[in-house]
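File shown: final.cif (mmCIF, C-alpha atoms).
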```
data_coords
loop_
_atom_site.label_atom_id
_atom_site.label_comp_id
_atom_site.auth_asym_id
_atom_site.auth_seq_id
_atom_site.Cartn_x
_atom_site.Cartn_y
_atom_site.Cartn_z
CA MET A 1 11.59 -20.68 7.00
CA LYS A 2 11.22 -17.41 8.92
CA VAL A 3 8.83 -15.05 7.12
CA LEU A 4 7.96 -11.47 8.00
CA ILE A 5 4.45 -10.43 6.93
CA THR A 6 3.38 -6.80 7.06
CA GLY A 7 -0.36 -6.21 7.31
CA ALA A 8 -0.61 -9.45 9.30
CA ALA A 9 -3.97 -8.49 10.84
CA GLY A 10 -5.32 -7.62 7.41
CA PHE A 11 -7.48 -9.68 5.08
CA ILE A 12 -4.76 -11.31 2.98
CA GLY A 13 -2.01 -11.11 5.60
CA SER A 14 -3.91 -13.02 8.27
CA ASN A 15 -4.89 -15.80 5.88
CA LEU A 16 -1.31 -16.05 4.62
CA ALA A 17 0.05 -16.21 8.17
CA LEU A 18 -2.29 -19.12 8.96
CA ARG A 19 -1.19 -21.07 5.89
CA LEU A 20 2.53 -20.53 6.55
CA LEU A 21 2.19 -21.51 10.21
CA GLU A 22 0.23 -24.64 9.25
CA ARG A 23 3.09 -25.81 7.04
CA GLY A 24 5.69 -25.22 9.76
CA ASP A 25 7.15 -21.80 9.01
CA SER A 26 7.85 -19.18 11.66
CA VAL A 27 6.02 -15.89 11.10
CA ILE A 28 6.71 -12.38 12.36
CA GLY A 29 3.64 -10.23 11.81
CA ILE A 30 3.60 -6.44 11.60
CA ASP A 31 0.42 -4.35 11.67
CA ASN A 32 -0.38 -0.85 12.91
CA HIS A 33 -4.07 -1.71 13.60
CA ASN A 34 -5.24 1.65 12.26
CA ASN A 35 -8.91 2.62 12.15
CA TYR A 36 -9.38 2.86 8.36
CA TYR A 37 -12.05 0.26 9.10
CA ASP A 38 -13.25 -1.35 12.34
CA PRO A 39 -10.12 -2.47 14.25
CA ALA A 40 -12.21 -5.14 15.98
CA LEU A 41 -12.22 -7.15 12.76
CA LYS A 42 -8.42 -6.94 12.63
CA GLU A 43 -8.22 -8.15 16.22
CA ALA A 44 -10.56 -11.04 15.43
CA ARG A 45 -8.45 -12.08 12.43
CA LEU A 46 -5.28 -11.86 14.50
CA ALA A 47 -6.78 -13.97 17.29
CA ARG A 48 -6.85 -16.94 14.90
CA HIS A 49 -3.04 -17.21 14.92
CA ALA A 50 -1.73 -14.83 17.61
CA LYS A 51 -1.13 -17.62 20.16
CA HIS A 52 0.62 -19.99 17.77
CA PRO A 53 4.07 -20.85 19.20
CA ASN A 54 5.78 -19.89 15.94
CA TYR A 55 4.05 -16.52 15.62
CA THR A 56 5.31 -13.14 16.86
CA HIS A 57 3.23 -9.97 16.47
CA LEU A 58 4.56 -6.40 16.34
CA ARG A 59 2.17 -3.45 16.55
CA ILE A 60 4.19 -0.90 14.63
CA ASP A 61 3.73 1.36 11.62
CA LEU A 62 5.70 1.01 8.39
CA ALA A 63 6.30 4.76 8.46
CA ASP A 64 8.18 4.38 11.77
CA ARG A 65 11.67 3.99 10.37
CA LYS A 66 13.40 3.11 13.64
CA ALA A 67 10.81 0.52 14.63
CA ILE A 68 11.13 -1.21 11.25
CA GLU A 69 14.93 -1.19 11.52
CA VAL A 70 14.73 -2.81 14.96
CA ALA A 71 12.20 -5.41 13.75
CA PHE A 72 14.49 -6.56 10.94
CA ALA A 73 17.63 -6.51 13.06
CA THR A 74 15.98 -8.42 15.92
CA HIS A 75 14.07 -11.08 14.01
CA LYS A 76 16.24 -11.54 10.89
CA PRO A 77 13.54 -12.83 8.52
CA GLN A 78 14.67 -14.89 5.56
CA ARG A 79 11.80 -13.76 3.38
CA VAL A 80 9.34 -10.87 3.52
CA VAL A 81 5.79 -10.40 2.26
CA ASN A 82 4.73 -6.75 2.28
CA LEU A 83 0.92 -6.57 2.35
CA ALA A 84 0.54 -3.51 4.58
CA ALA A 85 -0.70 -0.48 2.69
CA GLN A 86 -3.27 2.24 2.80
CA ALA A 87 -5.93 0.65 0.61
CA GLY A 88 -8.87 2.00 -1.34
CA VAL A 89 -9.21 3.99 -4.56
CA ARG A 90 -11.89 6.37 -3.27
CA TYR A 91 -10.08 7.19 -0.03
CA SER A 92 -6.97 8.13 -2.01
CA ILE A 93 -8.97 10.92 -3.63
CA GLU A 94 -10.03 12.27 -0.23
CA ASN A 95 -6.82 11.69 1.75
CA PRO A 96 -3.84 11.35 -0.61
CA LEU A 97 -1.10 11.93 1.94
CA ALA A 98 -2.04 8.77 3.85
CA TYR A 99 -0.87 6.85 0.78
CA ILE A 100 2.47 8.63 0.69
CA ASP A 101 3.17 7.78 4.34
CA SER A 102 2.29 4.09 4.14
CA ASN A 103 2.67 3.04 0.53
CA ILE A 104 5.76 5.09 -0.39
CA VAL A 105 7.67 5.96 2.81
CA GLY A 106 6.69 2.71 4.53
CA PHE A 107 7.66 0.62 1.52
CA ALA A 108 11.06 2.34 1.37
CA HIS A 109 11.65 1.27 4.98
CA ILE A 110 10.82 -2.34 4.04
CA LEU A 111 13.24 -2.22 1.11
CA GLU A 112 15.98 -0.89 3.38
CA GLY A 113 15.26 -3.59 5.97
CA CYS A 114 15.59 -6.26 3.29
CA ARG A 115 18.75 -4.71 1.87
CA HIS A 116 20.61 -4.52 5.17
CA ASN A 117 19.56 -7.87 6.63
CA GLY A 118 20.23 -10.42 3.91
CA VAL A 119 16.60 -11.09 2.98
CA GLU A 120 16.40 -13.79 0.30
CA HIS A 121 13.17 -12.63 -1.35
CA LEU A 122 10.75 -9.72 -0.99
CA VAL A 123 7.22 -10.33 -2.25
CA TYR A 124 4.92 -7.31 -2.16
CA ALA A 125 1.34 -6.45 -2.99
CA SER A 126 0.80 -4.40 -6.08
CA SER A 127 -2.67 -4.03 -7.58
CA SER A 128 -4.72 -4.41 -10.75
CA SER A 129 -5.30 -0.66 -10.33
CA VAL A 130 -1.89 -0.03 -11.94
CA TYR A 131 -3.45 -0.81 -15.34
CA GLY A 132 -5.34 2.49 -15.04
CA ALA A 133 -6.35 3.84 -18.44
CA ASN A 134 -5.29 0.65 -20.28
CA THR A 135 -8.13 -0.87 -22.29
CA THR A 136 -6.43 -3.86 -23.98
CA MET A 137 -7.89 -6.99 -22.36
CA PRO A 138 -6.87 -9.15 -20.65
CA PHE A 139 -4.42 -7.01 -18.67
CA SER A 140 -0.92 -8.42 -19.06
CA VAL A 141 2.22 -7.77 -17.00
CA HIS A 142 3.93 -7.33 -20.35
CA HIS A 143 1.82 -4.25 -21.12
CA ASN A 144 3.10 -0.77 -20.31
CA VAL A 145 1.29 0.73 -17.27
CA ASP A 146 2.10 4.42 -17.08
CA HIS A 147 -1.38 5.98 -16.78
CA PRO A 148 -2.79 5.36 -13.27
CA LEU A 149 -6.19 6.89 -12.48
CA SER A 150 -5.80 7.30 -8.70
CA LEU A 151 -3.01 8.02 -6.25
CA TYR A 152 -3.54 4.53 -4.82
CA ALA A 153 -2.73 3.06 -8.23
CA ALA A 154 0.22 5.44 -8.64
CA SER A 155 1.61 4.39 -5.26
CA LYS A 156 1.47 0.73 -6.28
CA LYS A 157 3.21 1.44 -9.57
CA ALA A 158 5.81 3.40 -7.58
CA ASN A 159 6.37 0.31 -5.39
CA GLU A 160 7.19 -1.72 -8.49
CA LEU A 161 9.69 0.92 -9.64
CA MET A 162 11.28 1.25 -6.21
CA ALA A 163 11.63 -2.52 -5.93
CA HIS A 164 13.28 -2.66 -9.35
CA THR A 165 15.90 -0.18 -8.23
CA TYR A 166 16.79 -2.31 -5.19
CA SER A 167 16.86 -5.47 -7.31
CA HIS A 168 19.21 -3.76 -9.76
CA LEU A 169 21.50 -2.00 -7.29
CA TYR A 170 21.64 -4.54 -4.45
CA ASN A 171 20.74 -7.81 -6.19
CA LEU A 172 17.68 -8.15 -3.93
CA PRO A 173 15.12 -10.55 -5.48
CA THR A 174 11.73 -8.81 -5.49
CA THR A 175 8.35 -9.88 -6.86
CA GLY A 176 5.29 -7.66 -7.18
CA LEU A 177 1.83 -9.24 -7.21
CA ARG A 178 -1.00 -7.45 -8.95
CA PHE A 179 -4.07 -8.67 -7.08
CA PHE A 180 -7.47 -8.54 -8.79
CA THR A 181 -10.53 -7.75 -6.58
CA VAL A 182 -9.85 -10.09 -3.67
CA TYR A 183 -12.92 -11.29 -1.75
CA GLY A 184 -14.01 -13.97 0.70
CA PRO A 185 -14.45 -14.69 4.43
CA TRP A 186 -12.73 -12.22 6.77
CA GLY A 187 -12.71 -9.62 3.97
CA ARG A 188 -12.52 -5.85 4.21
CA PRO A 189 -15.67 -3.89 5.18
CA ASP A 190 -14.88 -1.18 2.61
CA MET A 191 -15.20 -3.67 -0.27
CA ALA A 192 -18.41 -4.03 -2.30
CA LEU A 193 -19.27 -7.58 -1.17
CA PHE A 194 -19.19 -6.61 2.51
CA LYS A 195 -21.16 -3.40 1.92
CA PHE A 196 -23.74 -5.08 -0.30
CA THR A 197 -24.32 -7.92 2.16
CA LYS A 198 -24.83 -5.54 5.06
CA ALA A 199 -27.22 -3.33 3.09
CA ILE A 200 -29.31 -6.16 1.63
CA LEU A 201 -29.80 -7.79 5.03
CA ALA A 202 -30.82 -4.40 6.44
CA GLY A 203 -33.32 -3.82 3.62
CA GLU A 204 -31.35 -0.84 2.32
CA LYS A 205 -30.53 0.07 -1.28
CA ILE A 206 -27.12 -0.82 -2.65
CA PRO A 207 -25.26 1.70 -4.85
CA VAL A 208 -24.56 0.14 -8.27
CA PHE A 209 -22.00 2.29 -10.07
CA ASN A 210 -21.57 2.57 -13.84
CA TYR A 211 -25.21 1.44 -13.97
CA GLY A 212 -24.08 -2.13 -13.32
CA LYS A 213 -21.91 -2.33 -16.44
CA HIS A 214 -18.72 -3.11 -14.51
CA ARG A 215 -16.83 -6.34 -15.06
CA ARG A 216 -14.46 -7.45 -12.34
CA ASP A 217 -12.02 -10.34 -12.16
CA PHE A 218 -13.13 -11.37 -8.66
CA THR A 219 -10.45 -13.55 -7.04
CA TYR A 220 -11.14 -15.71 -3.99
CA ILE A 221 -8.87 -15.31 -0.97
CA ASP A 222 -7.66 -18.95 -0.91
CA ASP A 223 -6.53 -18.66 -4.54
CA ILE A 224 -4.65 -15.46 -3.72
CA VAL A 225 -2.84 -17.06 -0.77
CA GLU A 226 -1.90 -20.11 -2.82
CA GLY A 227 -0.35 -17.86 -5.46
CA VAL A 228 1.56 -15.82 -2.87
CA ILE A 229 3.06 -18.93 -1.27
CA ARG A 230 4.16 -20.50 -4.55
CA ILE A 231 5.86 -17.28 -5.61
CA LEU A 232 7.39 -16.66 -2.17
CA ASP A 233 9.06 -20.06 -2.32
CA ARG A 234 10.88 -19.20 -5.55
CA PRO A 235 12.94 -15.98 -5.42
CA ALA A 236 12.65 -13.83 -8.53
CA PRO A 237 15.32 -14.65 -11.13
CA PRO A 238 16.75 -12.23 -13.69
CA ASN A 239 15.49 -12.58 -17.27
CA LEU A 240 18.70 -13.37 -19.14
CA ALA A 241 17.01 -12.57 -22.46
CA TRP A 242 15.87 -9.12 -21.33
CA SER A 243 16.84 -6.31 -23.68
CA GLY A 244 16.96 -2.58 -23.08
CA ALA A 245 16.27 -2.09 -26.77
CA LYS A 246 12.89 -3.82 -26.40
CA PRO A 247 12.25 -3.75 -22.63
CA ASP A 248 9.74 -6.23 -21.25
CA PRO A 249 7.68 -4.44 -18.55
CA GLY A 250 7.10 -7.71 -16.64
CA SER A 251 10.70 -8.78 -16.07
CA SER A 252 14.24 -7.42 -15.96
CA SER A 253 17.92 -8.19 -16.24
CA ALA A 254 17.78 -7.74 -12.44
CA PRO A 255 16.11 -10.33 -10.15
CA TRP A 256 12.73 -8.56 -10.42
CA ARG A 257 9.34 -9.80 -11.57
CA VAL A 258 5.66 -8.86 -11.49
CA TYR A 259 2.71 -11.24 -11.80
CA ASN A 260 -1.05 -10.96 -12.02
CA ILE A 261 -3.06 -13.05 -9.58
CA GLY A 262 -6.64 -13.03 -10.81
CA ASN A 263 -9.38 -15.47 -11.71
CA ASN A 264 -8.89 -14.87 -15.46
CA SER A 265 -12.68 -14.82 -15.75
CA PRO A 266 -14.31 -11.39 -15.37
CA VAL A 267 -17.85 -11.34 -14.02
CA GLU A 268 -20.54 -8.75 -14.74
CA LEU A 269 -21.39 -6.79 -11.59
CA MET A 270 -25.07 -7.68 -11.98
CA ASP A 271 -24.16 -11.39 -12.06
CA PHE A 272 -22.07 -10.91 -8.92
CA ILE A 273 -25.05 -9.27 -7.20
CA ALA A 274 -27.27 -12.14 -8.38
CA ALA A 275 -24.89 -14.65 -6.77
CA LEU A 276 -25.07 -12.66 -3.53
CA GLU A 277 -28.88 -12.50 -3.67
CA ASN A 278 -28.98 -16.27 -4.15
CA ALA A 279 -26.63 -16.90 -1.22
CA LEU A 280 -28.61 -14.56 1.05
CA GLY A 281 -32.02 -15.72 -0.14
CA LYS A 282 -33.03 -12.09 -0.47
CA ASN A 283 -33.29 -9.67 -3.39
CA ALA A 284 -31.35 -6.41 -3.49
CA GLU A 285 -32.84 -2.97 -3.97
CA MET A 286 -30.48 -1.07 -6.26
CA GLU A 287 -29.66 2.56 -6.88
CA MET A 288 -28.10 2.85 -10.34
CA LEU A 289 -25.32 5.45 -10.45
CA PRO A 290 -22.66 6.70 -12.90
CA LEU A 291 -19.00 5.60 -12.90
CA GLN A 292 -17.05 6.88 -9.90
CA SER A 293 -14.00 9.07 -10.29
CA GLY A 294 -10.78 7.03 -10.29
CA ASP A 295 -12.57 3.79 -11.14
CA VAL A 296 -12.23 1.65 -14.27
CA PRO A 297 -15.08 -0.14 -16.07
CA ASP A 298 -13.44 -3.55 -16.39
CA THR A 299 -10.60 -5.68 -15.02
CA TYR A 300 -9.42 -8.95 -16.55
CA ALA A 301 -6.19 -10.69 -15.56
CA ASP A 302 -3.89 -12.47 -17.98
CA VAL A 303 -2.37 -15.16 -15.72
CA THR A 304 -0.33 -16.97 -18.37
CA ASP A 305 2.97 -16.41 -16.53
CA LEU A 306 1.48 -17.56 -13.21
CA VAL A 307 0.21 -20.78 -14.78
CA GLU A 308 3.30 -21.53 -16.86
CA GLN A 309 5.92 -20.68 -14.24
CA PHE A 310 4.18 -21.79 -11.03
CA GLY A 311 1.44 -24.19 -12.11
CA CYS A 312 -1.05 -21.97 -10.29
CA LYS A 313 -4.48 -21.07 -11.71
CA PRO A 314 -7.09 -19.39 -9.49
CA ALA A 315 -10.35 -21.22 -10.15
CA THR A 316 -12.89 -20.67 -7.33
CA SER A 317 -16.22 -19.68 -8.88
CA VAL A 318 -17.97 -16.51 -7.78
CA GLU A 319 -21.01 -18.56 -6.76
CA GLN A 320 -18.93 -20.71 -4.39
CA GLY A 321 -16.80 -17.82 -3.11
CA VAL A 322 -19.79 -15.58 -2.38
CA SER A 323 -21.61 -18.44 -0.66
CA ASN A 324 -18.58 -19.04 1.56
CA PHE A 325 -18.45 -15.34 2.42
CA VAL A 326 -22.15 -15.22 3.34
CA ASP A 327 -21.78 -18.26 5.61
CA TRP A 328 -18.86 -16.56 7.38
CA TYR A 329 -20.68 -13.21 7.59
CA ARG A 330 -23.75 -14.72 9.24
CA GLU A 331 -21.62 -16.61 11.75
CA TYR A 332 -19.29 -13.69 12.55
CA PHE A 333 -22.05 -11.17 13.14
CA THR A 334 -24.26 -13.48 15.21
CA CYS A 335 -21.47 -14.67 17.55
#
```
Turn this file's structure into structure tokens for me.
Amino acid sequence: MKVLITGAAGFIGSNLALRLLERGDSVIGIDNHNNYYDPALKEARLARHAKHPNYTHLRIDLADRKAIEVAFATHKPQRVVNLAAQAGVRYSIENPLAYIDSNIVGFAHILEGCRHNGVEHLVYASSSSVYGANTTMPFSVHHNVDHPLSLYAASKKANELMAHTYSHLYNLPTTGLRFFTVYGPWGRPDMALFKFTKAILAGEKIPVFNYGKHRRDFTYIDDIVEGVIRILDRPAPPNLAWSGAKPDPGSSSAPWRVYNIGNNSPVELMDFIAALENALGKNAEMEMLPLQSGDVPDTYADVTDLVEQFGCKPATSVEQGVSNFVDWYREYFTC
């Protein structure tokens, strides 16, 4: 199978590319290598698969309409995984227009590429952030999600709506994946685990927001990739029982679906920090702070559909996942 992955030098994209190449697929990777965080980490991730004979890398931006058109027309991917996006809740408060360019305009270019080039299935990254002001736990794809708390979250919800339109109008199978707090080796430096590890090793205080009363459904990178691959391999079907009188938010009469990929086991932030302290063999100094604007106190994924339809249940414990990250961190930064 020929698969196009956007964000191929990113955390999830690079790991997905490796897995697909290992099983014999051909991969076309797209990444703009921007400086939202240290581009050297992106280059290091890319180096793991850049020389594979079945891998082709394109350094282009999703917002570059012509470049995306040429990429689709030249390489003719059968399936597409869109992971490229401007990430981060906090940054969306400071620089909202970056999210419009990448997450809205860029995603429209991907949809058009799929539409005009016979793509069999588009899988794209959504986010647990779309649940916004929802408080019913666990978060289910069958819940209404119309109250985002950041532009990042709103852009991801917009992606789901845009994809639905293309599924309805052009019969393009699309599947949105709501990822829950992805972590692990080769992760993003703007995420808490990376920041906390760096600060603790340097003897600096770590900022603990909401006074440590957060709960997060931390999901290990290998579990995320496994879920993506299983879903990629099965194009989204229409729900023949779907009714406009009682619309199900998680499916459609069009070939459109959304799924949660989370550990289904939220962890208290203080327990997460304890696991990190144990892996590092060093205690953290903490600065207790109030809840940040745009953030939510808890996330908790209902993965019933993922388990029942794909036989996939993320299960890596936080203790194991954090230990794996620390081992990688020590090796990467001492090389």
- Message: Just want the 10 Å neighbourhood of range 227-231 of chain A, counted on all atoms listed in the file, with same-chain residues fewer than 4 positions away dropped. Output as a list in words.
- Response: Ile12, Leu16, Arg19, Leu20, Val81, His121, Val123, Tyr124, Ala125, Thr175, Gly176, Leu177, Ile221, Asp222, Asp223, Pro235, Ala236, Tyr259, Asn260, Ile261, Gly262, Leu306, Val307, Gln309, Phe310, Gly311, Cys312, Lys313 and Pro314 of chain A
- Note on the structure: Closest of A:Phe107, A:Tyr183, A:Trp328, A:Phe11 to Ile68 in chain A, counting all atoms listed in the file, is A:Phe107
- Item | Residues near range 52-67 of chain A, cut-off 8 Å, only C-alpha atoms, skip fewer than 2 positions along chain, as number ranges by chain | A: 21, 25-33, 49-50, 69-71, 84, 101-102, 105-107, 109-110
- Tell me, in Å to one decimal, how far CA of Tyr131 in chain A is from CA of Leu269 in chain A.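 If I compute the distance from CA of Tyr131 in chain A to CA of Leu269 in chain A, I get 19.3 Å.
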- Do you have the CA of Arg115 in chain A-CA of Arg257 in chain A distance handy? 17.2 Å
Need to verify the contact set: range 237-243 of chain A, 9 Å, all atoms listed in the file, exclusion of same-chain residues closer than 5 positions in sequence. Can you return it as an mmCIF file with C-alpha atoms, in the frame of the given file?
```cif
data_model
loop_
_atom_site.group_PDB
_atom_site.id
_atom_site.type_symbol
_atom_site.label_atom_id
_atom_site.label_comp_id
_atom_site.auth_asym_id
_atom_site.auth_seq_id
_atom_site.Cartn_x
_atom_site.Cartn_y
_atom_site.Cartn_z
ATOM 1 C CA PRO A 173 15.120 -10.550 -5.480
ATOM 2 C CA THR A 174 11.730 -8.810 -5.490
ATOM 3 C CA ASP A 248 9.740 -6.230 -21.250
ATOM 4 C CA SER A 251 10.700 -8.780 -16.070
ATOM 5 C CA SER A 252 14.240 -7.420 -15.960
ATOM 6 C CA SER A 253 17.920 -8.190 -16.240
ATOM 7 C CA ALA A 254 17.780 -7.740 -12.440
ATOM 8 C CA PRO A 255 16.110 -10.330 -10.150
ATOM 9 C CA TRP A 256 12.730 -8.560 -10.420
ATOM 10 C CA ARG A 257 9.340 -9.800 -11.570
#
```
- Message: I'd like the residues picked by the PyMOL selection byres ((chain A and resi 286-301) around 8) written out as number ranges by chain, using the chain letters and numbers from the file.
- Response: A: 89-90, 93, 128, 132-133, 137-140, 149-150, 180, 205-217, 260-266, 284-285, 302-303
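Nearest to Asn35 in chain A of all the residues A:Ile5, A:Gly250, A:Ala245, A:Pro189 is A:Pro189, counting only C-alpha atoms.
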- Best match for closeness to Ala154 in chain A among A:Thr136, A:Ile100, A:Phe179, A:His142, counting all atoms listed in the file: A:Ile100
- Do you know which residues the PyMOL selection byres ((chain A and resi 277) around 12) returns on this file, as a ChimeraX atom specification? /A:193,196-201,206,270-276,278-286,319,322-323,326
- Which is closest to Gln86 in chain A among A:Asp327, A:Asn103, A:Gly13, A:Ala202, if we use all atoms listed in the file? A:Asn103
- 10 Å contact set for Leu111 in chain A, only C-alpha atoms, chain neighbours under 2 positions out, as a list in words: Val80, Asn82, Gly106, Phe107, Ala108, His109, Gly113, Cys114, Arg115, His116, Val119, Leu122, Asn159, Met162, Ala163, Thr165, Tyr166, Ser167, Leu172 and Thr174 of chain A
- Item | Point-to-point distance in Å for CA of Lys157 in chain A and CA of Asn144 in chain A | 11.0 Å
